[in-house]
Amino acid sequence: MKKLLALVMILFFVGVLFASFPANAVIEVKALAQETCPATGDWVKVEPLSGLSYEYTAPEGKLIAESCYKVGDHDPVFQTYDPALSPVTVTSTLFNSPGGAICTAPGVPHEGCAYQELSHASFRLIDDPGTETPTETETPTETETPTETETPTETETPTETETVTTTPDPSTTPKPPTETPIVEVEVNTGASLLLPVLALLGFLGLGGIQLIGRRKK
């Protein structure tokens, strides 16, 4: 019985504690958790970061129209670019708060005052208008003009072949067969010798007659 009474008392005090807790505290915590640079839609988020500056180059065909960076517990810092750029460098301009001091410059009003390093950054991308290809309007096809008739190319005259006269080597050149000369022999018939023979006979006869006459004397 005592344990049950103690449990009831504990539950009662827990209820009173939650009832006394500010209702807007949960809202403020939730809002604080949402105070980061966007990462949806056209935004590209880069995290985690370190250092006081960061340079981001847009991918091909894109430009950066807006940037956001966050440092520590400070609210995100937005910046727009008109015209859009690439690349873009974000640099921290917010100070830390050492010991709860409100810093206005490095070392002021506290020696520990300094620019706070980046925790993350986001960049909103748009299409690069310079890379957009305009839609081509179809132009009417031109009527093809008949191609000019090609004139026949002149036929090349054959080059004169050089006649090479070679002197035959007598030793190697075959000699033509020697032709046997044909001797024509005229056959004299009796008609061609008749007159000389008659003349001779006449002469001999005349001499014989004279010789006989001389002997008779």
# chains A, B, ... in the order shown; residues from 1 in each chain; ligands from 1
>>> select_by_dssp(residues="stretch 90-137 of chain A", states="helix (DSSP H, G or I)", output="MDAnalysis selection string")
chainID A and resid 98:100 129:131
>>> residues_around(residues="A:Ser97", least_positions_apart="4", cutoff="9 Å", atoms="only C-alpha atoms", output="CSV table (one decimal) with C-alpha atoms, in the first residue's frame")
chain,number,residue,atom,x,y,z
A,101,ALA,CA,31.0,38.2,-24.2
A,102,ILE,CA,29.5,39.9,-27.2
A,103,CYS,CA,32.4,40.3,-29.6
A,110,HIS,CA,37.6,40.2,-25.0
A,112,GLY,CA,39.3,35.5,-27.1
A,113,CYS,CA,37.0,37.3,-29.6
A,114,ALA,CA,37.6,35.9,-33.1
>>> residues_around(residues="A:Arg124", least_positions_apart="2", cutoff="12 Å", atoms="only C-alpha atoms", output="NGL selection string")
:A and (37-46 or 56-59 or 62-69 or 78-81 or 84-86 or 88 or 121-122 or 126-127)
>>> write_last_selection(atoms="N, CA and C atoms", output="short mmCIF file (atom, residue, chain, number, x, y, z; two decimals), in the first residue's frame")
data_model
loop_
_atom_site.label_atom_id
_atom_site.label_comp_id
_atom_site.auth_asym_id
_atom_site.auth_seq_id
_atom_site.Cartn_x
_atom_site.Cartn_y
_atom_site.Cartn_z
N CYS A 37 21.05 25.70 -42.80
CA CYS A 37 20.92 26.01 -44.23
C CYS A 37 20.10 24.92 -44.92
N PRO A 38 19.29 25.30 -45.89
CA PRO A 38 18.42 24.32 -46.55
C PRO A 38 19.23 23.29 -47.35
N ALA A 39 18.59 22.14 -47.55
CA ALA A 39 19.25 21.06 -48.29
C ALA A 39 18.29 20.36 -49.24
N THR A 40 17.15 20.98 -49.53
CA THR A 40 16.16 20.36 -50.41
C THR A 40 15.94 21.24 -51.64
N GLY A 41 15.23 20.68 -52.61
CA GLY A 41 14.92 21.43 -53.82
C GLY A 41 16.17 21.70 -54.64
N ASP A 42 16.38 22.97 -54.97
CA ASP A 42 17.54 23.37 -55.78
C ASP A 42 18.79 23.60 -54.93
N TRP A 43 18.68 23.37 -53.62
CA TRP A 43 19.80 23.64 -52.72
C TRP A 43 20.72 22.42 -52.64
N VAL A 44 22.01 22.71 -52.62
CA VAL A 44 23.03 21.68 -52.44
C VAL A 44 23.78 22.02 -51.14
N LYS A 45 23.74 21.08 -50.19
CA LYS A 45 24.35 21.34 -48.89
C LYS A 45 25.69 20.64 -48.78
N VAL A 46 26.68 21.36 -48.24
CA VAL A 46 28.02 20.82 -48.05
C VAL A 46 28.34 20.86 -46.57
N TYR A 56 32.80 27.21 -53.56
CA TYR A 56 32.00 26.17 -54.21
C TYR A 56 31.86 26.51 -55.69
N THR A 57 32.08 25.50 -56.54
CA THR A 57 31.94 25.66 -57.98
C THR A 57 30.72 24.88 -58.44
N ALA A 58 29.84 25.54 -59.16
CA ALA A 58 28.63 24.88 -59.65
C ALA A 58 28.98 23.86 -60.71
N PRO A 59 28.20 22.79 -60.82
CA PRO A 59 28.46 21.81 -61.88
C PRO A 59 28.20 22.42 -63.25
N LYS A 62 25.19 24.83 -64.69
CA LYS A 62 24.49 25.44 -63.55
C LYS A 62 25.25 26.68 -63.07
N LEU A 63 24.50 27.57 -62.39
CA LEU A 63 25.07 28.74 -61.73
C LEU A 63 24.49 28.84 -60.34
N ILE A 64 25.16 29.62 -59.49
CA ILE A 64 24.74 29.78 -58.09
C ILE A 64 23.98 31.09 -57.96
N ALA A 65 22.70 30.98 -57.56
CA ALA A 65 21.87 32.18 -57.40
C ALA A 65 21.80 32.64 -55.96
N GLU A 66 22.10 31.75 -55.00
CA GLU A 66 21.99 32.12 -53.58
C GLU A 66 22.86 31.17 -52.77
N SER A 67 23.40 31.69 -51.68
CA SER A 67 24.23 30.87 -50.79
C SER A 67 23.77 31.04 -49.36
N CYS A 68 24.17 30.09 -48.52
CA CYS A 68 23.85 30.13 -47.09
C CYS A 68 24.98 29.45 -46.34
N TYR A 69 25.41 30.07 -45.23
CA TYR A 69 26.40 29.41 -44.39
C TYR A 69 25.99 29.56 -42.93
N PHE A 78 22.34 34.27 -45.29
CA PHE A 78 21.99 34.08 -46.70
C PHE A 78 22.56 35.23 -47.53
N GLN A 79 22.86 34.92 -48.78
CA GLN A 79 23.32 35.94 -49.72
C GLN A 79 22.88 35.55 -51.13
N THR A 80 22.35 36.54 -51.86
CA THR A 80 21.91 36.29 -53.23
C THR A 80 22.91 36.89 -54.22
N TYR A 81 22.89 36.35 -55.44
CA TYR A 81 23.81 36.80 -56.49
C TYR A 81 23.01 37.11 -57.75
N ALA A 84 23.69 35.44 -61.45
CA ALA A 84 24.20 34.23 -60.81
C ALA A 84 25.68 34.03 -61.18
N LEU A 85 26.39 33.39 -60.28
CA LEU A 85 27.84 33.25 -60.45
C LEU A 85 28.28 31.80 -60.27
N SER A 86 29.50 31.58 -60.63
CA SER A 86 30.18 30.33 -60.32
C SER A 86 31.67 30.55 -60.64
N VAL A 88 31.55 30.50 -56.17
CA VAL A 88 31.19 31.45 -55.11
C VAL A 88 31.95 31.07 -53.84
N ALA A 121 27.47 24.79 -45.28
CA ALA A 121 27.03 25.81 -46.24
C ALA A 121 26.14 25.14 -47.28
N SER A 122 25.24 25.95 -47.86
CA SER A 122 24.35 25.46 -48.91
C SER A 122 24.34 26.45 -50.07
N ILE A 126 20.75 27.25 -60.29
CA ILE A 126 19.82 27.48 -61.39
C ILE A 126 20.51 27.09 -62.68
N ASP A 127 19.72 26.92 -63.73
CA ASP A 127 20.29 26.58 -65.03
C ASP A 127 21.06 27.77 -65.59
#
